[in-house]
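Below is entry_15.tsv, which holds TSV, C-alpha atoms.
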chain	number	residue	atom	x	y	z
R	36	ASP	CA	17.47	36.28	26.92
R	37	GLU	CA	13.91	35.32	25.97
R	38	ALA	CA	14.99	32.31	23.90
R	39	PRO	CA	14.71	29.69	26.68
R	40	HIS	CA	11.10	30.71	27.37
R	41	VAL	CA	10.05	31.01	23.72
R	42	LEU	CA	11.69	27.73	22.70
R	43	ASP	CA	10.76	25.89	25.91
R	44	LEU	CA	14.40	25.23	26.79
R	45	ALA	CA	15.83	24.60	30.23
R	46	LYS	CA	18.65	27.06	29.55
R	47	VAL	CA	20.87	28.49	26.85
R	48	ILE	CA	24.62	27.96	27.17
R	49	PRO	CA	26.59	30.83	25.60
R	50	VAL	CA	29.25	29.87	23.06
R	51	ASP	CA	32.71	31.40	23.35
R	52	SER	CA	33.19	33.82	20.43
R	53	ASN	CA	36.55	32.17	19.70
R	54	GLU	CA	34.69	28.99	18.82
R	55	VAL	CA	32.75	30.59	15.95
R	56	GLY	CA	35.15	33.26	14.75
R	57	GLY	CA	38.73	34.40	14.85
R	58	VAL	CA	41.81	32.70	13.51
R	59	ALA	CA	41.63	29.04	12.55
R	60	LYS	CA	44.05	26.86	14.49
R	61	GLY	CA	44.14	23.25	13.49
R	62	VAL	CA	45.77	19.88	13.65
R	63	LEU	CA	46.48	17.56	10.73
R	64	LEU	CA	45.38	13.94	10.58
R	65	GLU	CA	46.76	11.81	7.75
R	66	LEU	CA	44.51	8.85	6.91
R	67	THR	CA	46.59	6.53	4.75
R	68	GLY	CA	46.25	2.89	3.78
R	69	SER	CA	43.33	0.72	4.81
R	70	VAL	CA	40.54	1.48	7.26
R	71	ALA	CA	40.48	-0.92	10.20
R	72	ARG	CA	38.96	-0.89	13.69
R	73	SER	CA	42.28	-0.50	15.53
R	74	ARG	CA	43.41	2.34	13.28
R	75	VAL	CA	40.10	4.19	13.51
R	76	ARG	CA	40.20	3.90	17.30
R	77	ARG	CA	43.67	5.45	17.31
R	78	TRP	CA	42.65	8.22	14.90
R	79	GLN	CA	39.63	9.10	17.01
R	80	SER	CA	41.71	9.15	20.17
R	81	ASN	CA	44.29	11.47	18.60
R	82	LEU	CA	41.65	13.82	17.26
R	83	ASN	CA	39.71	14.01	20.50
R	84	GLY	CA	42.96	14.52	22.39
R	85	SER	CA	43.76	17.53	20.22
R	86	LEU	CA	40.72	19.33	21.61
R	87	SER	CA	42.29	19.43	25.07
R	88	ASP	CA	44.08	22.47	23.66
R	89	LYS	CA	41.19	24.91	23.84
R	90	THR	CA	42.61	27.00	20.99
R	91	VAL	CA	42.26	24.18	18.44
R	92	ASN	CA	39.13	24.73	16.36
R	93	THR	CA	39.96	23.01	13.07
R	94	TRP	CA	40.83	19.53	11.89
R	95	VAL	CA	42.51	19.06	8.52
R	96	VAL	CA	42.14	15.50	7.23
R	97	SER	CA	44.43	14.29	4.44
R	98	ILE	CA	43.16	11.09	2.83
R	99	ASP	CA	44.91	8.48	0.71
R	100	SER	CA	43.00	5.28	1.39
R	101	ILE	CA	41.42	2.26	-0.26
R	102	GLY	CA	38.90	1.91	2.58
R	103	GLY	CA	38.37	-1.39	4.33
R	104	ASP	CA	35.48	-1.22	6.81
R	105	LEU	CA	32.26	0.70	6.14
R	106	ASP	CA	31.11	0.52	9.76
R	107	GLN	CA	34.35	2.03	11.01
R	108	SER	CA	34.41	4.73	8.35
R	109	ALA	CA	30.81	5.59	9.21
R	110	SER	CA	31.74	6.05	12.86
R	111	LEU	CA	34.56	8.45	12.01
R	112	ALA	CA	32.58	10.27	9.30
R	113	SER	CA	29.89	11.16	11.82
R	114	LEU	CA	32.51	13.10	13.80
R	115	PHE	CA	33.62	14.97	10.69
R	116	ALA	CA	30.20	15.95	9.38
R	117	ILE	CA	28.87	17.69	12.48
R	118	PRO	CA	31.75	19.36	14.37
R	119	GLU	CA	30.98	20.12	18.00
R	120	PRO	CA	32.47	23.14	19.84
R	121	PRO	CA	35.26	24.03	20.22
R	122	LEU	CA	35.67	22.38	16.80
R	123	ARG	CA	34.15	24.45	14.01
R	124	THR	CA	35.64	23.08	10.78
R	125	VAL	CA	36.76	19.69	9.48
R	126	ALA	CA	38.47	20.29	6.12
R	127	GLY	CA	39.43	17.41	3.84
R	128	PHE	CA	42.07	16.86	1.16
R	129	VAL	CA	42.24	13.78	-1.08
R	130	SER	CA	45.90	13.54	-2.05
R	131	ALA	CA	45.66	10.41	-4.23
R	132	GLU	CA	42.52	8.33	-3.68
R	133	ALA	CA	39.59	7.85	-1.36
R	134	ARG	CA	38.11	4.54	-2.47
R	135	SER	CA	35.18	2.51	-1.19
R	136	ASP	CA	34.16	3.48	2.37
R	137	SER	CA	36.98	6.02	2.72
R	138	ALA	CA	35.00	8.15	0.23
R	139	LEU	CA	32.46	8.60	3.04
R	140	LEU	CA	35.23	10.06	5.21
R	141	ALA	CA	36.13	12.47	2.42
R	142	VAL	CA	32.64	13.80	1.67
R	143	ALA	CA	31.92	14.21	5.39
R	144	CYS	CA	34.56	16.96	5.39
R	145	LYS	CA	33.50	20.48	4.48
R	146	PRO	CA	35.26	21.93	2.59
R	147	LEU	CA	36.77	19.06	0.61
R	148	TYR	CA	39.60	19.63	-1.86
R	149	MET	CA	41.14	17.10	-4.23
R	150	LYS	CA	44.51	17.01	-5.88
R	151	PRO	CA	44.26	17.00	-9.69
R	152	GLY	CA	44.53	13.34	-10.67
R	153	ALA	CA	43.07	12.12	-7.37
R	154	VAL	CA	40.12	9.72	-7.37
R	155	LEU	CA	37.00	9.75	-5.19
R	156	GLY	CA	34.94	6.58	-4.76
R	157	GLY	CA	35.03	3.43	-6.80
R	158	VAL	CA	36.02	-0.12	-5.87
R	159	GLY	CA	38.36	-0.44	-2.90
R	160	ALA	CA	39.21	-2.78	-0.06
R	161	ASP	CA	35.64	-3.16	1.23
R	162	GLU	CA	33.03	-4.52	-1.18
R	163	ILE	CA	29.92	-2.53	-0.25
R	164	SER	CA	26.54	-3.99	-1.18
R	165	LEU	CA	23.14	-2.35	-1.62
R	166	THR	CA	22.14	-3.92	1.69
R	167	ASP	CA	25.14	-2.27	3.38
R	168	LEU	CA	23.95	1.07	2.00
R	169	ASP	CA	20.45	0.52	3.36
R	170	ASN	CA	21.92	-0.19	6.79
R	171	HIS	CA	23.61	3.22	6.77
R	172	THR	CA	20.82	5.27	5.19
R	173	GLU	CA	20.28	7.49	8.22
R	174	LEU	CA	23.96	8.39	8.52
R	175	ILE	CA	24.29	9.09	4.80
R	176	GLU	CA	21.27	11.38	4.95
R	177	THR	CA	22.74	13.18	7.97
R	178	ILE	CA	26.06	13.73	6.21
R	179	ALA	CA	24.25	14.92	3.09
R	180	ARG	CA	22.26	17.51	5.04
R	181	ALA	CA	25.25	18.70	7.07
R	182	THR	CA	27.53	19.12	4.05
R	183	ARG	CA	24.83	20.02	1.50
R	184	ARG	CA	25.91	17.23	-0.80
R	185	PRO	CA	23.43	15.03	-2.72
R	186	ALA	CA	22.67	11.89	-0.71
R	187	GLY	CA	22.16	9.85	-3.88
R	188	LEU	CA	25.65	10.69	-5.11
R	189	ILE	CA	27.17	9.76	-1.75
R	190	ARG	CA	25.47	6.38	-2.02
R	191	GLY	CA	26.81	5.96	-5.55
R	192	LEU	CA	30.36	6.67	-4.39
R	193	LEU	CA	30.10	3.79	-1.95
R	194	CYS	CA	28.42	1.25	-4.22
R	195	SER	CA	28.85	1.43	-7.99
R	196	ASP	CA	26.10	-1.19	-8.41
R	197	LEU	CA	23.58	1.54	-7.60
R	198	GLU	CA	21.64	2.50	-10.73
R	199	LEU	CA	21.82	6.26	-10.28
R	200	TYR	CA	20.64	8.86	-12.80
R	201	ARG	CA	20.51	12.62	-13.13
R	202	TYR	CA	16.89	13.80	-13.22
R	203	THR	CA	15.77	17.29	-14.26
R	204	ASN	CA	12.35	18.64	-13.33
R	205	LYS	CA	10.63	19.52	-16.60
R	206	LYS	CA	8.92	22.58	-15.10
R	207	THR	CA	11.42	24.07	-12.64
R	208	GLY	CA	14.76	22.78	-13.92
R	209	THR	CA	15.55	21.37	-10.48
R	210	VAL	CA	18.15	18.59	-10.62
R	211	LYS	CA	18.27	15.52	-8.40
R	212	TYR	CA	20.40	12.38	-8.44
R	213	THR	CA	18.53	9.23	-7.55
R	214	THR	CA	17.48	5.77	-8.67
R	215	PRO	CA	14.31	5.17	-10.73
R	216	ALA	CA	12.71	3.48	-7.73
R	217	ASP	CA	13.62	6.19	-5.22
R	218	LEU	CA	12.37	8.90	-7.59
R	219	VAL	CA	8.78	7.84	-6.96
R	220	VAL	CA	9.06	6.05	-3.62
R	221	ASP	CA	7.01	8.60	-1.63
R	222	SER	CA	4.63	9.58	-4.41
R	223	ASP	CA	0.88	8.94	-4.31
R	224	ASP	CA	0.88	8.68	-8.11
R	225	PRO	CA	4.21	7.17	-9.29
R	226	ASP	CA	3.37	7.53	-12.98
R	227	LEU	CA	2.53	11.23	-12.61
R	228	GLU	CA	5.63	11.88	-10.54
R	229	ARG	CA	7.83	10.01	-13.02
R	230	ASP	CA	6.41	12.11	-15.85
R	231	ARG	CA	7.49	15.31	-14.08
R	232	TRP	CA	11.18	14.43	-14.48
R	233	GLN	CA	13.46	14.08	-17.47
R	234	GLN	CA	15.87	11.19	-16.98
R	235	GLY	CA	19.44	11.93	-17.98
R	236	ASP	CA	22.57	9.84	-18.19
R	237	ARG	CA	23.46	7.24	-15.61
R	238	ILE	CA	26.27	8.38	-13.31
R	239	ASP	CA	29.15	5.90	-13.58
R	240	PHE	CA	31.05	5.36	-10.34
R	241	ALA	CA	32.81	2.10	-11.25
R	242	GLU	CA	36.25	3.68	-11.65
R	243	GLY	CA	35.65	6.46	-9.14
R	244	LEU	CA	35.35	10.16	-9.94
R	245	THR	CA	38.11	12.48	-11.07
R	246	ALA	CA	38.66	15.66	-9.10
R	247	ALA	CA	37.04	17.74	-11.83
R	248	ARG	CA	33.99	15.48	-12.00
R	249	ALA	CA	33.61	15.44	-8.20
R	250	VAL	CA	33.64	19.25	-8.14
R	251	GLU	CA	31.14	19.38	-11.02
R	252	LEU	CA	28.74	17.12	-9.11
R	253	GLY	CA	29.09	19.05	-5.85
R	254	LEU	CA	30.86	16.26	-3.99
R	255	ALA	CA	34.09	18.28	-3.65
R	256	ASP	CA	34.58	22.02	-3.26
R	257	GLY	CA	37.66	22.51	-5.41
R	258	GLN	CA	41.02	21.26	-6.61
R	259	SER	CA	44.30	21.95	-4.88
R	260	ASP	CA	47.84	21.07	-5.95
R	261	SER	CA	49.10	20.28	-2.46
R	262	LEU	CA	48.20	20.02	1.19
R	263	ASP	CA	50.13	23.21	1.92
R	264	ASP	CA	48.09	25.02	-0.72
Mind turning this structure into structure tokens?
Amino acid sequence: DEAPHVLDLAKVIPVDSNEVGGVAKGVLLELTGSVARSRVRRWQSNLNGSLSDKTVNTWVVSIDSIGGDLDQSASLASLFAIPEPPLRTVAGFVSAEARSDSALLAVACKPLYMKPGAVLGGVGADEISLTDLDNHTELIETIARATRRPAGLIRGLLCSDLELYRYTNKKTGTVKYTTPADLVVDSDDPDLERDRWQQGDRIDFAEGLTAARAVELGLADGQSDSLDD
């Protein structure tokens, strides 16, 4: 009751308990083939329409796509990463592949499961450049925070030209995935900051990541043999 005053808010709108707990009731969206403006518009319309049923609180997204349009995938991924009530969960399943920009759709889902043998990232229908990545930096960072996935790895999934390495802090053991330039970009003393980290192997995204590798890197939450599972 005191929250509006303490936080300087106009008011607090209570959330229905069914929106944060209780039984999950969902709808399935199958994203197959290429990503294109007309298809994304239809997918968004169908998903938003499902929320007219006030008992629906979960979207399950099955992905088998080569991508096709980073801008369109970014638009849809923003819906997945931060579900708004009554939606509480957007779960993903990569049944075969999520290449190029469709990888962004996959990692925006939490949790994300992959079928053994499925591939995440790598070259697809849309050739994504480093400039394209820079144009979507804010969205990638938002998705990374919302899903607790490394932003550097998400960027690598989209563009295999990115020179991405695993760095381990020599003192704390903390691990980060970033480029040599980004490692020291905000440092007052780049040489000192660079010396604090042990550079490991470069992460190779050229052929995409296997399900096991994606789970190991924290980009997927587990493997699953089927959508039903």
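Comparing R:Ile238, R:Ile178, R:Leu254, R:Val58 by their smallest distance to Arg201 in chain R, the closest is R:Ile238 (using all atoms listed in the file).
The coordinates place CA of Val220 in chain R at 20.8 Å from CA of Ser195 in chain R.
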key: Two-atom distance - CA of Ala126 in chain R, CA of Val142 in chain R (Å)   = 9.8 Å
May I have the residues within 12 Å of range 72-81 of chain R as a compact mmCIF listing (two decimals) with C-alpha atoms, in the coordinates of the input, using all atoms listed in the file and disregarding those fewer than 4 positions away in the same chain?
# COMPACT_ATOMS: atom_id res chain seq x y z
CA VAL R 62 45.77 19.88 13.65
CA LEU R 63 46.48 17.56 10.73
CA LEU R 64 45.38 13.94 10.58
CA GLU R 65 46.76 11.81 7.75
CA LEU R 66 44.51 8.85 6.91
CA THR R 67 46.59 6.53 4.75
CA GLY R 68 46.25 2.89 3.78
CA SER R 85 43.76 17.53 20.22
CA LEU R 86 40.72 19.33 21.61
CA SER R 87 42.29 19.43 25.07
CA TRP R 94 40.83 19.53 11.89
CA VAL R 96 42.14 15.50 7.23
CA GLY R 102 38.90 1.91 2.58
CA GLY R 103 38.37 -1.39 4.33
CA ASP R 104 35.48 -1.22 6.81
CA LEU R 105 32.26 0.70 6.14
CA ASP R 106 31.11 0.52 9.76
CA GLN R 107 34.35 2.03 11.01
CA SER R 108 34.41 4.73 8.35
CA ALA R 109 30.81 5.59 9.21
CA SER R 110 31.74 6.05 12.86
CA LEU R 111 34.56 8.45 12.01
CA ALA R 112 32.58 10.27 9.30
CA SER R 113 29.89 11.16 11.82
CA LEU R 114 32.51 13.10 13.80
CA PHE R 115 33.62 14.97 10.69
CA SER R 137 36.98 6.02 2.72
CA LEU R 140 35.23 10.06 5.21
task = Would you list the residues near (11.5, 14.6, -18.9), meaning any protein, DNA or RNA residue with an atom at most 10 Å from that point in file coordinates, counting only C-alpha atoms, as a ChimeraX atom specification?
result = /R:202-206,229-235
query = CA of Ile101 in chain R and CA of Leu193 in chain R are how many Å apart?
reply =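 So the answer is 11.5 Å.
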query = Leaving out Asp196 in chain R and any residue of its chain fewer than 4 positions from it, which residues lie within 9 Å of it when counting only C-alpha atoms, given as a PyMOL selection string?
reply = chain R and resi 164-165+191+240-241
Those residues with C-alpha atoms, as a PDB file, in the frame of the given file please?
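As a result, result-v4.pdb now contains:
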ATOM      1  CA  SER R 164      26.540  -3.990  -1.180  1.00  0.00           C
ATOM      2  CA  LEU R 165      23.140  -2.350  -1.620  1.00  0.00           C
ATOM      3  CA  GLY R 191      26.810   5.960  -5.550  1.00  0.00           C
ATOM      4  CA  PHE R 240      31.050   5.360 -10.340  1.00  0.00           C
ATOM      5  CA  ALA R 241      32.810   2.100 -11.250  1.00  0.00           C
TER       6      ALA R 241
END
Using all atoms listed in the file, determine which residues lie at most 12 Å from Met149 in chain R, disregarding the query and same-chain residues fewer than 3 positions distant; provide the list as a PDB file with C-alpha atoms, in the frame of the given file.
ATOM      1  CA  VAL R  96      42.140  15.500   7.230  1.00  0.00           C
ATOM      2  CA  SER R  97      44.430  14.290   4.440  1.00  0.00           C
ATOM      3  CA  ILE R  98      43.160  11.090   2.830  1.00  0.00           C
ATOM      4  CA  ASP R  99      44.910   8.480   0.710  1.00  0.00           C
ATOM      5  CA  ALA R 126      38.470  20.290   6.120  1.00  0.00           C
ATOM      6  CA  GLY R 127      39.430  17.410   3.840  1.00  0.00           C
ATOM      7  CA  PHE R 128      42.070  16.860   1.160  1.00  0.00           C
ATOM      8  CA  VAL R 129      42.240  13.780  -1.080  1.00  0.00           C
ATOM      9  CA  SER R 130      45.900  13.540  -2.050  1.00  0.00           C
ATOM     10  CA  ALA R 131      45.660  10.410  -4.230  1.00  0.00           C
ATOM     11  CA  GLU R 132      42.520   8.330  -3.680  1.00  0.00           C
ATOM     12  CA  ALA R 133      39.590   7.850  -1.360  1.00  0.00           C
ATOM     13  CA  ALA R 138      35.000   8.150   0.230  1.00  0.00           C
ATOM     14  CA  ALA R 141      36.130  12.470   2.420  1.00  0.00           C
ATOM     15  CA  VAL R 142      32.640  13.800   1.670  1.00  0.00           C
ATOM     16  CA  CYS R 144      34.560  16.960   5.390  1.00  0.00           C
ATOM     17  CA  PRO R 146      35.260  21.930   2.590  1.00  0.00           C
ATOM     18  CA  GLY R 152      44.530  13.340 -10.670  1.00  0.00           C
ATOM     19  CA  ALA R 153      43.070  12.120  -7.370  1.00  0.00           C
ATOM     20  CA  VAL R 154      40.120   9.720  -7.370  1.00  0.00           C
ATOM     21  CA  LEU R 155      37.000   9.750  -5.190  1.00  0.00           C
ATOM     22  CA  LEU R 244      35.350  10.160  -9.940  1.00  0.00           C
ATOM     23  CA  THR R 245      38.110  12.480 -11.070  1.00  0.00           C
ATOM     24  CA  ALA R 246      38.660  15.660  -9.100  1.00  0.00           C
ATOM     25  CA  ALA R 247      37.040  17.740 -11.830  1.00  0.00           C
ATOM     26  CA  ARG R 248      33.990  15.480 -12.000  1.00  0.00           C
ATOM     27  CA  ALA R 249      33.610  15.440  -8.200  1.00  0.00           C
ATOM     28  CA  VAL R 250      33.640  19.250  -8.140  1.00  0.00           C
ATOM     29  CA  LEU R 254      30.860  16.260  -3.990  1.00  0.00           C
ATOM     30  CA  ALA R 255      34.090  18.280  -3.650  1.00  0.00           C
ATOM     31  CA  ASP R 256      34.580  22.020  -3.260  1.00  0.00           C
ATOM     32  CA  GLY R 257      37.660  22.510  -5.410  1.00  0.00           C
ATOM     33  CA  GLN R 258      41.020  21.260  -6.610  1.00  0.00           C
ATOM     34  CA  SER R 259      44.300  21.950  -4.880  1.00  0.00           C
ATOM     35  CA  ASP R 260      47.840  21.070  -5.950  1.00  0.00           C
ATOM     36  CA  SER R 261      49.100  20.280  -2.460  1.00  0.00           C
ATOM     37  CA  LEU R 262      48.200  20.020   1.190  1.00  0.00           C
ATOM     38  CA  ASP R 264      48.090  25.020  -0.720  1.00  0.00           C
TER      39      ASP R 264
END
ask   = Which residue, R:Lys60, R:Arg134, R:Lys211, R:His171, has the smallest gap to Pro185 in chain R when you use all atoms listed in the file?
value =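 Distance minimum relative to Pro185 in chain R lands on R:Lys211.
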Listed atoms of range 111-122 of chain R, axis-aligned box, 8 Å per side: centre and edge lengths to one decimal in Å, as lines of an AutoDock Vina configuration file?
center_x = 32.3
center_y = 16.2
center_z = 14.8
size_x = 22.8
size_y = 31.6
size_z = 26.9
inquiry  = Measuring between only C-alpha atoms, which one of R:Gly57, R:Gly84, R:Pro120, R:Gly243 shows the shortest distance to Leu192 in chain R?
reply    =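 The shortest atom-to-atom distance to Leu192 in chain R comes from R:Gly243.
Shortest separation to Ala160 in chain R among R:Leu252, R:Ala71, R:Ala186, R:Leu44 occurs at residue R:Ala71, atoms counted being only C-alpha atoms.
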